[in-house]
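> Below is the file query_21.txt, which contains compact mmCIF, C-alpha atoms.
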```txt
# COMPACT_ATOMS: atom_id res chain seq x y z
CA MET A 1 -27.14 28.97 -71.75
CA ARG A 2 -28.67 28.26 -68.33
CA GLU A 3 -26.39 26.94 -65.63
CA SER A 4 -27.08 23.80 -63.65
CA SER A 5 -27.26 23.79 -59.86
CA ASN A 6 -24.79 20.94 -60.04
CA PRO A 7 -21.34 22.60 -59.89
CA VAL A 8 -19.83 19.91 -62.09
CA MET A 9 -22.43 20.33 -64.82
CA ARG A 10 -22.17 24.11 -64.53
CA GLY A 11 -18.45 23.91 -65.29
CA VAL A 12 -18.99 21.59 -68.25
CA VAL A 13 -21.51 23.95 -69.82
CA ARG A 14 -19.31 27.00 -69.22
CA ASP A 15 -16.24 25.39 -70.76
CA ASN A 16 -18.02 24.00 -73.83
CA GLN A 17 -20.44 26.72 -74.85
CA ALA A 18 -18.76 27.30 -78.21
CA PRO A 19 -17.65 24.61 -80.67
CA THR A 20 -13.88 24.23 -80.71
CA GLY A 21 -13.67 23.87 -84.46
CA TYR A 22 -13.41 27.64 -85.00
CA ALA A 23 -10.66 28.28 -82.49
CA GLY A 24 -7.88 28.88 -85.01
CA PHE A 25 -9.77 30.53 -87.83
CA GLY A 26 -8.68 34.12 -87.12
CA ALA A 27 -5.05 33.16 -86.64
CA GLY A 28 -4.99 31.29 -89.93
CA ALA A 29 -6.44 34.21 -91.87
CA ALA A 30 -3.95 36.62 -90.33
CA ALA A 31 -1.05 34.39 -91.26
CA ALA A 32 -2.32 34.11 -94.82
CA GLY A 33 -2.37 37.87 -95.13
CA GLN A 34 1.35 38.04 -94.47
CA GLY A 35 2.08 36.24 -97.71
CA ALA A 36 4.26 33.19 -98.29
CA MET A 37 6.16 31.73 -95.35
CA TRP A 38 9.57 30.08 -95.70
CA ASN A 39 11.41 27.89 -93.23
CA GLN A 40 15.14 27.90 -92.52
CA GLN A 41 15.77 25.37 -95.29
CA GLY A 42 14.18 27.68 -97.86
CA GLN A 43 11.08 25.52 -98.21
CA TYR A 44 7.65 27.05 -98.67
CA VAL A 45 5.21 26.49 -95.80
CA ASP A 46 1.47 26.77 -96.42
CA PRO A 47 0.11 29.17 -93.75
CA TYR A 48 -3.31 27.52 -93.93
CA ALA A 49 -1.87 24.09 -93.21
CA GLN A 50 0.18 25.49 -90.35
CA GLN A 51 -2.79 27.14 -88.66
CA ALA A 52 -5.39 24.44 -89.31
CA PRO A 53 -7.29 23.78 -86.07
CA SER A 54 -7.79 20.29 -84.74
CA VAL A 55 -11.52 19.59 -84.67
CA SER A 56 -12.80 16.89 -82.35
CA ARG A 57 -15.99 14.94 -82.97
CA GLN A 58 -19.14 16.62 -81.71
CA LEU A 59 -21.00 15.37 -78.66
CA THR A 60 -23.94 13.00 -79.19
CA ILE A 61 -26.51 11.43 -76.89
CA ASP A 62 -24.77 8.08 -77.41
CA ASP A 63 -21.58 9.57 -75.97
CA VAL A 64 -23.44 10.73 -72.87
CA VAL A 65 -25.13 7.36 -72.37
CA THR A 66 -21.90 5.40 -72.91
CA LYS A 67 -19.72 7.51 -70.62
CA THR A 68 -22.39 7.59 -67.91
CA ALA A 69 -22.80 3.81 -68.11
CA ILE A 70 -19.03 3.31 -67.81
CA THR A 71 -18.84 5.65 -64.82
CA LEU A 72 -21.75 3.96 -63.04
CA GLY A 73 -20.29 0.56 -63.87
CA VAL A 74 -17.01 1.42 -62.13
CA LEU A 75 -18.90 2.83 -59.14
CA THR A 76 -21.11 -0.28 -58.90
CA ILE A 77 -18.20 -2.72 -59.03
CA SER A 78 -16.31 -0.69 -56.42
CA ALA A 79 -19.40 -0.50 -54.18
CA ILE A 80 -20.10 -4.25 -54.36
CA ALA A 81 -16.47 -5.14 -53.64
CA THR A 82 -16.43 -2.68 -50.72
CA TYR A 83 -19.66 -4.07 -49.28
CA PHE A 84 -18.30 -7.62 -49.14
CA LEU A 85 -14.94 -6.39 -47.86
CA VAL A 86 -16.67 -4.63 -44.96
CA HIS A 87 -18.87 -7.69 -44.44
CA SER A 88 -15.73 -9.75 -43.86
CA ASN A 89 -14.20 -7.11 -41.58
CA GLU A 90 -16.67 -4.62 -40.11
CA ALA A 91 -13.86 -2.49 -38.68
CA LEU A 92 -13.19 -1.28 -42.22
CA ALA A 93 -16.61 0.38 -42.55
CA SER A 94 -15.75 3.78 -41.11
CA PRO A 95 -12.26 4.14 -42.67
CA LEU A 96 -13.47 3.18 -46.15
CA MET A 97 -16.49 5.45 -45.86
CA LEU A 98 -14.27 8.35 -44.82
CA VAL A 99 -11.71 7.72 -47.57
CA GLY A 100 -14.44 7.43 -50.20
CA ALA A 101 -16.32 10.53 -49.09
CA ILE A 102 -13.29 12.81 -48.72
CA GLY A 103 -11.50 11.46 -51.79
CA GLY A 104 -14.60 11.80 -53.94
CA LEU A 105 -15.20 15.33 -52.71
CA ILE A 106 -11.61 16.33 -53.49
CA LEU A 107 -11.85 14.98 -57.05
CA VAL A 108 -15.16 16.79 -57.61
CA LEU A 109 -13.60 20.04 -56.41
CA VAL A 110 -10.57 19.49 -58.65
CA ALA A 111 -12.85 18.79 -61.61
CA SER A 112 -15.10 21.78 -60.90
CA PHE A 113 -12.57 24.48 -60.06
CA GLY A 114 -9.72 23.10 -62.13
CA ARG A 115 -11.99 22.75 -65.19
CA LYS A 116 -11.07 19.09 -65.61
CA GLN A 117 -14.61 17.73 -65.84
CA ASP A 118 -13.83 16.09 -69.17
CA ASN A 119 -10.81 14.19 -67.80
CA PRO A 120 -11.73 10.48 -67.81
CA ALA A 121 -9.10 9.66 -65.17
CA ILE A 122 -10.69 12.10 -62.71
CA VAL A 123 -14.23 10.93 -63.51
CA LEU A 124 -13.41 7.24 -63.15
CA GLY A 125 -11.26 7.96 -60.07
CA TYR A 126 -14.29 9.66 -58.52
CA ALA A 127 -16.46 6.65 -59.38
CA LEU A 128 -13.93 4.30 -57.75
CA LEU A 129 -13.68 6.36 -54.56
CA GLU A 130 -17.40 6.99 -54.36
CA GLY A 131 -17.89 3.24 -54.65
CA LEU A 132 -15.99 2.90 -51.37
CA PHE A 133 -18.39 5.36 -49.77
CA VAL A 134 -21.55 3.86 -51.25
CA GLY A 135 -20.57 0.29 -50.43
CA SER A 136 -19.61 1.02 -46.83
CA ILE A 137 -22.57 3.28 -46.04
CA SER A 138 -24.92 0.72 -47.58
CA PHE A 139 -23.52 -1.90 -45.23
CA VAL A 140 -23.88 0.42 -42.23
CA PHE A 141 -27.52 1.27 -42.95
CA ALA A 142 -28.53 -2.23 -43.97
CA ASN A 143 -26.81 -4.10 -41.12
CA TRP A 144 -26.28 -1.69 -38.23
CA VAL A 145 -29.08 0.86 -38.44
CA VAL A 146 -31.96 -1.25 -39.70
CA SER A 147 -33.57 -3.88 -37.52
CA GLY A 148 -36.56 -6.12 -38.06
CA ASP A 149 -37.60 -8.46 -40.84
CA VAL A 150 -36.09 -6.46 -43.72
CA SER A 151 -32.90 -8.05 -45.05
CA ALA A 152 -29.88 -6.05 -46.11
CA GLY A 153 -30.31 -7.08 -49.72
CA ALA A 154 -33.97 -6.06 -49.75
CA LEU A 155 -33.26 -2.63 -48.28
CA ILE A 156 -30.42 -1.91 -50.70
CA GLY A 157 -32.45 -3.24 -53.62
CA GLN A 158 -35.34 -0.94 -52.73
CA ALA A 159 -32.97 2.04 -52.56
CA VAL A 160 -31.45 1.20 -55.96
CA LEU A 161 -34.86 0.73 -57.58
CA GLY A 162 -36.09 3.96 -56.03
CA THR A 163 -33.04 5.86 -57.26
CA PHE A 164 -33.34 4.74 -60.87
CA GLY A 165 -37.11 5.05 -60.73
CA VAL A 166 -36.75 8.73 -59.83
CA PHE A 167 -34.03 9.17 -62.47
CA PHE A 168 -36.06 7.75 -65.35
CA GLY A 169 -39.20 9.42 -64.06
CA MET A 170 -37.55 12.83 -64.20
CA LEU A 171 -36.11 12.00 -67.62
CA LEU A 172 -39.66 11.35 -68.83
CA VAL A 173 -40.86 14.58 -67.22
CA TYR A 174 -38.11 16.46 -69.05
CA LYS A 175 -38.79 14.79 -72.40
CA VAL A 176 -42.52 15.54 -72.37
CA GLY A 177 -41.92 19.09 -71.11
CA ALA A 178 -44.17 18.68 -68.06
CA ILE A 179 -41.81 20.96 -66.11
CA ARG A 180 -39.97 23.65 -68.03
CA VAL A 181 -36.43 24.54 -67.05
CA THR A 182 -36.56 28.31 -66.74
CA PRO A 183 -34.20 30.81 -65.07
CA ARG A 184 -36.73 31.21 -62.24
CA PHE A 185 -36.89 27.44 -61.75
CA THR A 186 -33.09 27.32 -61.64
CA ARG A 187 -32.87 30.12 -59.06
CA MET A 188 -35.50 28.52 -56.82
CA LEU A 189 -33.78 25.13 -56.94
CA PHE A 190 -30.38 26.68 -56.26
CA ALA A 191 -31.79 28.56 -53.26
CA GLY A 192 -33.31 25.34 -51.93
CA MET A 193 -29.99 23.52 -52.22
CA ILE A 194 -28.15 26.32 -50.43
CA GLY A 195 -30.74 26.11 -47.64
CA VAL A 196 -30.27 22.35 -47.30
CA ILE A 197 -26.48 22.70 -47.16
CA VAL A 198 -26.74 25.38 -44.47
CA LEU A 199 -29.09 23.19 -42.43
CA MET A 200 -26.78 20.19 -42.77
CA LEU A 201 -23.77 22.19 -41.60
CA GLY A 202 -25.76 23.71 -38.75
CA ASN A 203 -27.03 20.29 -37.72
CA LEU A 204 -23.46 18.99 -37.70
CA VAL A 205 -22.12 21.86 -35.60
CA ILE A 206 -24.97 21.76 -33.07
CA GLY A 207 -24.62 17.99 -32.87
CA LEU A 208 -21.08 18.42 -31.56
CA PHE A 209 -22.52 20.03 -28.44
CA ASN A 210 -25.64 17.97 -27.77
CA GLY A 211 -24.53 14.41 -28.25
CA GLY A 212 -24.97 14.25 -32.02
CA GLU A 213 -28.68 15.11 -31.96
CA GLY A 214 -28.30 18.48 -33.69
CA PHE A 215 -31.59 19.87 -34.94
CA GLY A 216 -33.01 16.36 -35.20
CA LEU A 217 -32.53 16.24 -38.97
CA ARG A 218 -30.93 12.78 -38.95
CA ASN A 219 -32.38 11.02 -35.89
CA GLY A 220 -35.19 9.18 -37.67
CA GLY A 221 -37.99 11.30 -36.24
CA PRO A 222 -40.73 13.17 -38.13
CA LEU A 223 -38.48 16.15 -38.83
CA ALA A 224 -35.77 13.84 -40.16
CA ILE A 225 -38.26 12.16 -42.49
CA ILE A 226 -39.44 15.53 -43.82
CA PHE A 227 -35.85 16.68 -44.32
CA SER A 228 -34.96 13.53 -46.27
CA LEU A 229 -38.03 13.98 -48.47
CA VAL A 230 -36.96 17.55 -49.21
CA CYS A 231 -33.45 16.36 -50.13
CA ILE A 232 -34.89 13.67 -52.40
CA ALA A 233 -37.11 16.24 -54.13
CA LEU A 234 -34.18 18.62 -54.66
CA ALA A 235 -32.02 15.84 -56.07
CA ALA A 236 -34.84 14.76 -58.39
CA PHE A 237 -35.41 18.28 -59.73
CA SER A 238 -31.66 18.70 -60.16
CA PHE A 239 -31.84 16.03 -62.86
CA LEU A 240 -33.99 18.38 -64.95
CA LEU A 241 -31.26 21.02 -64.96
CA ASP A 242 -28.62 18.43 -65.77
CA PHE A 243 -30.67 16.99 -68.64
CA ASP A 244 -31.22 20.49 -69.97
CA ALA A 245 -27.51 21.32 -69.76
CA ALA A 246 -26.57 18.09 -71.56
CA ASP A 247 -29.18 18.74 -74.25
CA ARG A 248 -27.86 22.24 -74.85
CA LEU A 249 -24.28 21.00 -75.06
CA ILE A 250 -25.31 18.53 -77.76
CA ARG A 251 -27.18 21.18 -79.74
CA ALA A 252 -24.28 23.64 -79.36
CA GLY A 253 -21.89 21.15 -80.96
CA ALA A 254 -19.66 20.67 -77.90
CA PRO A 255 -16.75 18.22 -78.31
CA GLU A 256 -17.44 14.59 -77.44
CA ARG A 257 -15.09 14.71 -74.44
CA ALA A 258 -17.73 16.82 -72.66
CA ALA A 259 -19.66 13.56 -72.17
CA TRP A 260 -17.33 12.71 -69.29
CA GLY A 261 -18.34 15.90 -67.50
CA VAL A 262 -22.02 15.13 -68.03
CA ALA A 263 -21.44 11.62 -66.67
CA LEU A 264 -19.69 13.03 -63.60
CA GLY A 265 -22.49 15.51 -62.89
CA LEU A 266 -25.22 12.88 -63.22
CA THR A 267 -23.29 10.43 -61.04
CA VAL A 268 -22.88 13.01 -58.26
CA THR A 269 -26.65 13.56 -58.20
CA LEU A 270 -27.41 9.82 -58.39
CA VAL A 271 -25.19 9.10 -55.39
CA TRP A 272 -26.83 11.87 -53.36
CA LEU A 273 -30.29 10.60 -54.28
CA TYR A 274 -29.41 6.97 -53.45
CA VAL A 275 -28.02 7.83 -50.02
CA GLU A 276 -31.07 9.93 -49.14
CA ILE A 277 -33.48 7.19 -50.24
CA LEU A 278 -31.47 4.59 -48.32
CA ARG A 279 -31.52 6.82 -45.25
CA LEU A 280 -35.28 7.37 -45.55
CA LEU A 281 -35.93 3.63 -45.87
CA SER A 282 -33.80 3.01 -42.80
CA TYR A 283 -36.04 5.33 -40.77
CA PHE A 284 -39.08 3.18 -41.51
CA ASN A 285 -37.27 -0.09 -40.76
CA SER A 286 -35.46 0.72 -37.53
CA ASP A 287 -36.60 0.73 -33.94
```
Show the structure stored in the file as structure tokens.

Amino acid sequence: MRESSNPVMRGVVRDNQAPTGYAGFGAGAAAAGQGAMWNQQGQYVDPYAQQAPSVSRQLTIDDVVTKTAITLGVLTISAIATYFLVHSNEALASPLMLVGAIGGLILVLVASFGRKQDNPAIVLGYALLEGLFVGSISFVFANWVVSGDVSAGALIGQAVLGTFGVFFGMLLVYKVGAIRVTPRFTRMLFAGMIGVIVLMLGNLVIGLFNGGEGFGLRNGGPLAIIFSLVCIALAAFSFLLDFDAADRLIRAGAPERAAWGVALGLTVTLVWLYVEILRLLSYFNSD
């Protein structure tokens, strides 16, 4: 099974490659071969009943859609509440953005490396924290960065429409098979994402020594516009790998709890895409 470039989705696929319904088959057969089993009260115990595995319901597309909708719903409510909270007290913008970004990152790392992608508490906790980040950064871009005739609501609305437009567009591309998800495609996309991360870190480090300018990747200039377009393209193509991973999990008969991991992976990519589109729009609407 191919791995996604999204670390969350990669963990979900790895942990659910085989159906769990066969986990106890060998143990049950071995116990049966030992003959009758008796407890301390002298009662006969059926070895098959004792070793019967617990089989969870298999994953379906409805599970993926439902869990993703719930996760995005929590994120949206949190983001809207955060936006109006910051609107009433602008001093909260930076603290809430920092708490949301760091807290969300920690939960993603816990889910990825702790193999807890299917834990609904972690997934919904990430959505809640990421809502703090999305709501506060939306306020910052729409009210502090952007100037001119574009209202905050219009800018945010354009970013939301652009995000879901790209999402459903890539879903259509995947369904019709216009772009095939191959190992080579996966390697190229992964290399591109590593390159972007390295550039971001380098831009951050250099910016500490030249007044925040860095390489000019986030200053609104031509290079910044090109960099944002590259990030948007990488996020869009990442959806193809995530759709493919979810499709393979369904066909492999993964347990329905894996839907939470799929929802987490898709939400991570959606947030990245939204922020990059919002940032790009701010470039064209600022002085």
> Could you work out how far atom CA of A:Ala93 lies from atom CA of A:Leu217, giving the answer in Å with one decimal?
22.8 Å
> So how many Å separate atom CA of A:Ala69 and atom CA of A:Thr267, to one decimal?
9.7 Å
> With stretch 191-203 of chain A as the partner and 12 Å as the cut-off, tabulate the residues of stretch 235-280 of chain A that qualify, each row holding the nearest pair of atoms and their distance in Å to one decimal, using only C-alpha atoms, sorted by chain and rising number, as a tab-separated table.

```
residue	atom	partner	partner_atom	distance
A:Ala235	CA	A:Met193	CA	8.8
A:Ala236	CA	A:Met193	CA	11.8
A:Phe237	CA	A:Met193	CA	10.6
A:Ser238	CA	A:Met193	CA	9.4
```
> If you count only C-alpha atoms, which residues fall within 10 Å of A:Thr68, apart from same-chain ones fewer than 3 positions away, as a ChimeraX atom specification?
/A:62-65,71-73,123,259-267
> Could you work out an axis-aligned box for stretch 134-147 of chain A, taking every atom the file lists and adding 8 Å on each side, and report centre and edge lengths in Å to one decimal, as lines of an AutoDock Vina configuration file?

```
center_x = -26.6
center_y = -0.1
center_z = -44.4
size_x = 30.0
size_y = 24.0
size_z = 29.7
```
> Can you pull out every residue within 6 Å of A:Gly131, counting only C-alpha atoms, but drop anything in the same chain fewer than 5 positions away, and send it as a PyMOL selection string?
chain A and resi 75+78-79
> Put stretch 161-219 of chain A into a file with C-alpha atoms, as a PDB file, in the first residue's frame.

```
ATOM      1  CA  LEU A 161     -14.340  29.157  -1.409  1.00  0.00           C
ATOM      2  CA  GLY A 162     -10.897  28.732  -2.925  1.00  0.00           C
ATOM      3  CA  THR A 163      -9.975  26.062  -0.385  1.00  0.00           C
ATOM      4  CA  PHE A 164     -13.051  23.927  -0.950  1.00  0.00           C
ATOM      5  CA  GLY A 165     -12.911  24.588  -4.680  1.00  0.00           C
ATOM      6  CA  VAL A 166      -9.426  23.076  -4.788  1.00  0.00           C
ATOM      7  CA  PHE A 167     -10.524  20.213  -2.518  1.00  0.00           C
ATOM      8  CA  PHE A 168     -13.490  19.167  -4.646  1.00  0.00           C
ATOM      9  CA  GLY A 169     -11.542  19.810  -7.821  1.00  0.00           C
ATOM     10  CA  MET A 170      -8.821  17.390  -6.755  1.00  0.00           C
ATOM     11  CA  LEU A 171     -11.477  14.899  -5.641  1.00  0.00           C
ATOM     12  CA  LEU A 172     -12.899  15.013  -9.170  1.00  0.00           C
ATOM     13  CA  VAL A 173      -9.416  14.631 -10.645  1.00  0.00           C
ATOM     14  CA  TYR A 174      -8.883  11.553  -8.469  1.00  0.00           C
ATOM     15  CA  LYS A 175     -12.259  10.019  -9.301  1.00  0.00           C
ATOM     16  CA  VAL A 176     -11.828  10.325 -13.061  1.00  0.00           C
ATOM     17  CA  GLY A 177      -8.216   9.136 -12.871  1.00  0.00           C
ATOM     18  CA  ALA A 178      -6.818  12.209 -14.633  1.00  0.00           C
ATOM     19  CA  ILE A 179      -3.708  11.954 -12.428  1.00  0.00           C
ATOM     20  CA  ARG A 180      -2.631   8.521 -11.283  1.00  0.00           C
ATOM     21  CA  VAL A 181      -1.153   8.091  -7.831  1.00  0.00           C
ATOM     22  CA  THR A 182       2.034   6.156  -8.502  1.00  0.00           C
ATOM     23  CA  PRO A 183       5.148   5.558  -6.378  1.00  0.00           C
ATOM     24  CA  ARG A 184       7.040   8.040  -8.557  1.00  0.00           C
ATOM     25  CA  PHE A 185       4.325  10.665  -8.070  1.00  0.00           C
ATOM     26  CA  THR A 186       4.484  10.090  -4.310  1.00  0.00           C
ATOM     27  CA  ARG A 187       8.281  10.442  -4.209  1.00  0.00           C
ATOM     28  CA  MET A 188       8.221  13.653  -6.257  1.00  0.00           C
ATOM     29  CA  LEU A 189       5.539  15.206  -4.067  1.00  0.00           C
ATOM     30  CA  PHE A 190       7.350  14.181  -0.892  1.00  0.00           C
ATOM     31  CA  ALA A 191      10.582  15.721  -2.189  1.00  0.00           C
ATOM     32  CA  GLY A 192       8.739  18.940  -3.004  1.00  0.00           C
ATOM     33  CA  MET A 193       7.280  19.138   0.490  1.00  0.00           C
ATOM     34  CA  ILE A 194      10.681  18.555   2.083  1.00  0.00           C
ATOM     35  CA  GLY A 195      12.071  21.373  -0.070  1.00  0.00           C
ATOM     36  CA  VAL A 196       9.304  23.750   1.014  1.00  0.00           C
ATOM     37  CA  ILE A 197       9.847  22.923   4.691  1.00  0.00           C
ATOM     38  CA  VAL A 198      13.591  23.531   4.357  1.00  0.00           C
ATOM     39  CA  LEU A 199      12.959  26.875   2.645  1.00  0.00           C
ATOM     40  CA  MET A 200      10.480  27.908   5.336  1.00  0.00           C
ATOM     41  CA  LEU A 201      12.923  27.081   8.117  1.00  0.00           C
ATOM     42  CA  GLY A 202      15.762  28.827   6.289  1.00  0.00           C
ATOM     43  CA  ASN A 203      13.589  31.885   5.701  1.00  0.00           C
ATOM     44  CA  LEU A 204      12.737  31.964   9.412  1.00  0.00           C
ATOM     45  CA  VAL A 205      16.364  31.687  10.534  1.00  0.00           C
ATOM     46  CA  ILE A 206      17.665  34.289   8.074  1.00  0.00           C
ATOM     47  CA  GLY A 207      14.795  36.586   9.034  1.00  0.00           C
ATOM     48  CA  LEU A 208      16.104  36.677  12.595  1.00  0.00           C
ATOM     49  CA  PHE A 209      19.195  38.474  11.321  1.00  0.00           C
ATOM     50  CA  ASN A 210      17.799  40.818   8.674  1.00  0.00           C
ATOM     51  CA  GLY A 211      14.727  42.300  10.252  1.00  0.00           C
ATOM     52  CA  GLY A 212      12.312  39.508   9.373  1.00  0.00           C
ATOM     53  CA  GLU A 213      12.850  39.770   5.611  1.00  0.00           C
ATOM     54  CA  GLY A 214      14.506  36.359   5.249  1.00  0.00           C
ATOM     55  CA  PHE A 215      14.698  35.196   1.651  1.00  0.00           C
ATOM     56  CA  GLY A 216      11.676  37.314   0.774  1.00  0.00           C
ATOM     57  CA  LEU A 217       9.332  34.325   0.794  1.00  0.00           C
ATOM     58  CA  ARG A 218       6.667  36.052   2.897  1.00  0.00           C
ATOM     59  CA  ASN A 219       7.039  39.770   2.130  1.00  0.00           C
TER      60      ASN A 219
END
```
